[in-house]
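Colleague: Please find one structure pasted underneath; my questions will follow.
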Amino acid sequence: MAISDIYETTFDEDVQPDKQGSQCPECNGHVTTNTVETVCDDCGLIIDEQPIDHGPEWRDYGDAESNPERTGAPLTPARHDRGLSTTIGRNTDANGNTLSGDKRRQLHRLRREQRRGRWRSKWEQNLAHGLGEVRRIASCLELGEGVRNQACQLFRSAQDEDLLRGRSIDSMAAASVYGASRCNELTWTVDDVEEYARCEFSSLRNAYKVLNRELNLPTPPMQPAAFVGRFASALELPDRVRRQAEQFAEVAERDGVVTGVQPTGFAAACLYTAAQETGCYVTQTDLAKVADTTPVTIRTHHNTLVERYC
């Protein structure tokens with residue numbers, strides 16, 4: 001006997017007959033109720049609707065220690081697919097049990113096919129490579145998640161504006177990290193980003209110039225006071241030296257002395273002047289090495305600070 005003779009092919013589990021035996025108020029036809037509405041089979045009149053889903057709005061992952069969640073993982077701009085891709089495990093299942101050899105080999109084949117099919121075009125492949133480079137540099141610089149996401153969004157905007165044409169993806173990714181740092185008034189310089197970037201210094205600087213010009217980045221000018229704490233921590237100088245140096249830098253900024261000067265060199269000069277005032281020993285060579293400048297620059301700014309404020 002065929003299966004079609006036993007089961008009805010038109011059966012729908014979501015559609016249930018009206019148990020109350022009511023009829024259509026228009027044509028007295030047969031009425032059925034599904035999960036969405038109550039409708040007449042003869043004339044198609046919608047008698048009642050139920051748009052509210054009374055099911056659970058949370059997701060239970062089966063772990064007794066975890067609380068039910070209302071949603072899944074949040075969307076993130078740090079991934080080319082916004083974090084909606086599938087993650088295939090390796091050696092254990094969802095309950096932590098060790099998988100057999102056949103199952104591990106099967107998962108290996110699934111991961112291989114997933115890697116091959118995760119990009120629908122060359123555009124998505126370039127985006128995935130660039131965002132991976134942004135995450136790597138942000139991790140090396142120990143940037144926060146917010147700054148990292150801003151850098152990823154900046155790289156997306158650069159690709160949407162076709163700024164990658166004729167430029168390397170690595171240089172634009174490094175420029176996006178530096179641009180996000182500048183927009184958040186962080187003290188990372190181009191040299192700091194170039195240390196972890198996979199491109200030349202000239203490529204990084206040119207990519208940032210294009211990024212800043214085409215996207216109009218809201219980058220405020222870097223002030224010497226922002227570098228004082230970083231340099232003082234690198235040289236393990238006392239807090240009294242750092243506070244005195246910050247006062248020198250703030251007064252100089254208010255008087256316009258720092259206009260047109262290198263902020264790192266002037267910050268190092270403020271630390272050297274404060275060390276001389278408080279009796280702490282530090283050399284111009286050590287400060288120049290930390291600030292990536294020359295002792296001549298520190299000495300010139302030190303003389304200016306002594307003439308005006310000491």
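For the structure tokens, the naming scheme is as follows: chains receive sequential letters (A, B, ...) according to their order of presentation, residues are indexed from 1 within each chain, and ligands are indexed from 1 in presentation order.
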Give me every strand (DSSP E) residue in stretch 5-246 of chain A, going by DSSP on the backbone, as a list of chain:residue names.

Modeller: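 Checking each residue of stretch 5-246 of chain A, the strand (DSSP E) ones are A:Gln16, A:Pro17, A:Val31, A:Thr32, A:Thr33, A:Glu37, A:Thr38, A:Val39, A:Cys40, A:Ile46, A:Ile47, A:Asp48, A:Glu49.
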
Colleague: If you keep N, CA and C atoms, can you produce a file of those selected residues as a PDB file, in the first residue's frame?

Modeller:
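Result file is selection_37.pdb:
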ATOM      1  N   GLN A  16      -5.859  24.172  12.180  1.00  0.00           N
ATOM      2  CA  GLN A  16      -6.709  23.346  13.028  1.00  0.00           C
ATOM      3  C   GLN A  16      -8.172  23.705  12.776  1.00  0.00           C
ATOM      4  N   PRO A  17      -9.055  22.714  12.729  1.00  0.00           N
ATOM      5  CA  PRO A  17     -10.478  23.029  12.545  1.00  0.00           C
ATOM      6  C   PRO A  17     -11.041  23.718  13.776  1.00  0.00           C
ATOM      7  N   VAL A  31     -15.089  27.016   8.786  1.00  0.00           N
ATOM      8  CA  VAL A  31     -14.084  27.935   9.351  1.00  0.00           C
ATOM      9  C   VAL A  31     -12.939  27.119   9.927  1.00  0.00           C
ATOM     10  N   THR A  32     -11.708  27.534   9.622  1.00  0.00           N
ATOM     11  CA  THR A  32     -10.499  26.918  10.182  1.00  0.00           C
ATOM     12  C   THR A  32      -9.652  27.986  10.841  1.00  0.00           C
ATOM     13  N   THR A  33      -8.891  27.546  11.834  1.00  0.00           N
ATOM     14  CA  THR A  33      -8.033  28.461  12.605  1.00  0.00           C
ATOM     15  C   THR A  33      -6.607  27.956  12.558  1.00  0.00           C
ATOM     16  N   GLU A  37      -4.522  33.338  12.034  1.00  0.00           N
ATOM     17  CA  GLU A  37      -5.839  33.922  11.837  1.00  0.00           C
ATOM     18  C   GLU A  37      -6.897  32.825  11.746  1.00  0.00           C
ATOM     19  N   THR A  38      -8.131  33.251  11.855  1.00  0.00           N
ATOM     20  CA  THR A  38      -9.296  32.396  11.645  1.00  0.00           C
ATOM     21  C   THR A  38      -9.954  32.827  10.348  1.00  0.00           C
ATOM     22  N   VAL A  39     -10.098  31.894   9.398  1.00  0.00           N
ATOM     23  CA  VAL A  39     -10.519  32.259   8.056  1.00  0.00           C
ATOM     24  C   VAL A  39     -11.556  31.253   7.557  1.00  0.00           C
ATOM     25  N   CYS A  40     -12.433  31.728   6.706  1.00  0.00           N
ATOM     26  CA  CYS A  40     -13.444  30.869   6.084  1.00  0.00           C
ATOM     27  C   CYS A  40     -12.853  30.196   4.855  1.00  0.00           C
ATOM     28  N   ILE A  46     -11.639  36.743   6.607  1.00  0.00           N
ATOM     29  CA  ILE A  46     -10.823  36.653   7.815  1.00  0.00           C
ATOM     30  C   ILE A  46     -11.683  37.086   8.995  1.00  0.00           C
ATOM     31  N   ILE A  47     -11.989  36.135   9.867  1.00  0.00           N
ATOM     32  CA  ILE A  47     -12.888  36.407  10.988  1.00  0.00           C
ATOM     33  C   ILE A  47     -12.123  36.949  12.186  1.00  0.00           C
ATOM     34  N   ASP A  48     -10.945  36.416  12.455  1.00  0.00           N
ATOM     35  CA  ASP A  48     -10.183  36.836  13.630  1.00  0.00           C
ATOM     36  C   ASP A  48      -8.696  36.711  13.309  1.00  0.00           C
ATOM     37  N   GLU A  49      -7.906  37.611  13.891  1.00  0.00           N
ATOM     38  CA  GLU A  49      -6.461  37.602  13.709  1.00  0.00           C
ATOM     39  C   GLU A  49      -5.777  37.481  15.064  1.00  0.00           C
TER      40      GLU A  49
END

Colleague: May I have the residues within 8 Å of A:Ala128 as an MDAnalysis selection string, using only C-alpha atoms and disregarding those fewer than 4 positions away in the same chain?

Modeller: chainID A and resid 79:80 124 132

Colleague: Could you tell me which of A:Gly29, A:Pro263, A:Pro220, A:Gly166 comes closest to A:Ser181 if we count only C-alpha atoms?

Modeller: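 Distance minimum relative to A:Ser181 lands on A:Pro220.
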
Colleague: Quick one: everything within 7 Å of stretch 229-245 of chain A, counting only C-alpha atoms, minus sequence neighbours fewer than 5 positions away in the same chain. Send it as an MDAnalysis selection string.

Modeller: chainID A and resid 270:271 274:275 278 290:291

Colleague: Those residues you just picked out, can you put them in a file as a PDB file, in the first residue's frame with N, CA, C and O atoms?

Modeller:
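Output below, filename again06.pdb:
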ATOM      1  N   CYS A 270      58.509  69.501  28.715  1.00  0.00           N
ATOM      2  CA  CYS A 270      57.798  69.814  29.959  1.00  0.00           C
ATOM      3  C   CYS A 270      58.214  68.862  31.078  1.00  0.00           C
ATOM      4  O   CYS A 270      58.401  69.287  32.238  1.00  0.00           O
ATOM      5  N   LEU A 271      58.376  67.593  30.757  1.00  0.00           N
ATOM      6  CA  LEU A 271      58.839  66.634  31.758  1.00  0.00           C
ATOM      7  C   LEU A 271      60.259  66.949  32.204  1.00  0.00           C
ATOM      8  O   LEU A 271      60.581  66.847  33.402  1.00  0.00           O
ATOM      9  N   ALA A 274      60.108  70.033  34.443  1.00  0.00           N
ATOM     10  CA  ALA A 274      59.528  69.698  35.740  1.00  0.00           C
ATOM     11  C   ALA A 274      60.487  68.872  36.578  1.00  0.00           C
ATOM     12  O   ALA A 274      60.563  69.038  37.815  1.00  0.00           O
ATOM     13  N   ALA A 275      61.254  67.989  35.952  1.00  0.00           N
ATOM     14  CA  ALA A 275      62.244  67.204  36.685  1.00  0.00           C
ATOM     15  C   ALA A 275      63.343  68.096  37.244  1.00  0.00           C
ATOM     16  O   ALA A 275      63.830  67.892  38.372  1.00  0.00           O
ATOM     17  N   THR A 278      61.846  69.964  40.313  1.00  0.00           N
ATOM     18  CA  THR A 278      61.572  69.156  41.502  1.00  0.00           C
ATOM     19  C   THR A 278      62.786  68.356  41.987  1.00  0.00           C
ATOM     20  O   THR A 278      62.669  67.605  42.954  1.00  0.00           O
ATOM     21  N   VAL A 290      62.207  58.025  24.406  1.00  0.00           N
ATOM     22  CA  VAL A 290      60.812  57.663  24.677  1.00  0.00           C
ATOM     23  C   VAL A 290      59.858  58.451  23.780  1.00  0.00           C
ATOM     24  O   VAL A 290      58.881  57.910  23.257  1.00  0.00           O
ATOM     25  N   ALA A 291      60.140  59.730  23.563  1.00  0.00           N
ATOM     26  CA  ALA A 291      59.259  60.590  22.769  1.00  0.00           C
ATOM     27  C   ALA A 291      59.541  60.515  21.280  1.00  0.00           C
ATOM     28  O   ALA A 291      58.852  61.180  20.495  1.00  0.00           O
TER      29      ALA A 291
END

Colleague: Which is closer to A:Ser171 than all the others in A:Leu217, A:Met222, A:Val134, A:Leu110, using only C-alpha atoms?

Modeller: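 For A:Ser171, the nearest of the given residues is A:Val134.
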
Colleague: Which is closest to A:Gly179 among A:Ala268, A:Leu154, A:Ala226, A:Val261, if we use only C-alpha atoms?

Modeller: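 Smallest distance to A:Gly179 is found for A:Leu154.
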
Colleague: To test your reading of the structure, identify every residue in stretch 42-196 of chain A that backbone DSSP assigns to helix (DSSP H, G or I), and report it as a VMD selection string.

Modeller: chain A and resid 101 to 117 122 to 140 145 to 160 169 to 183 190 to 196
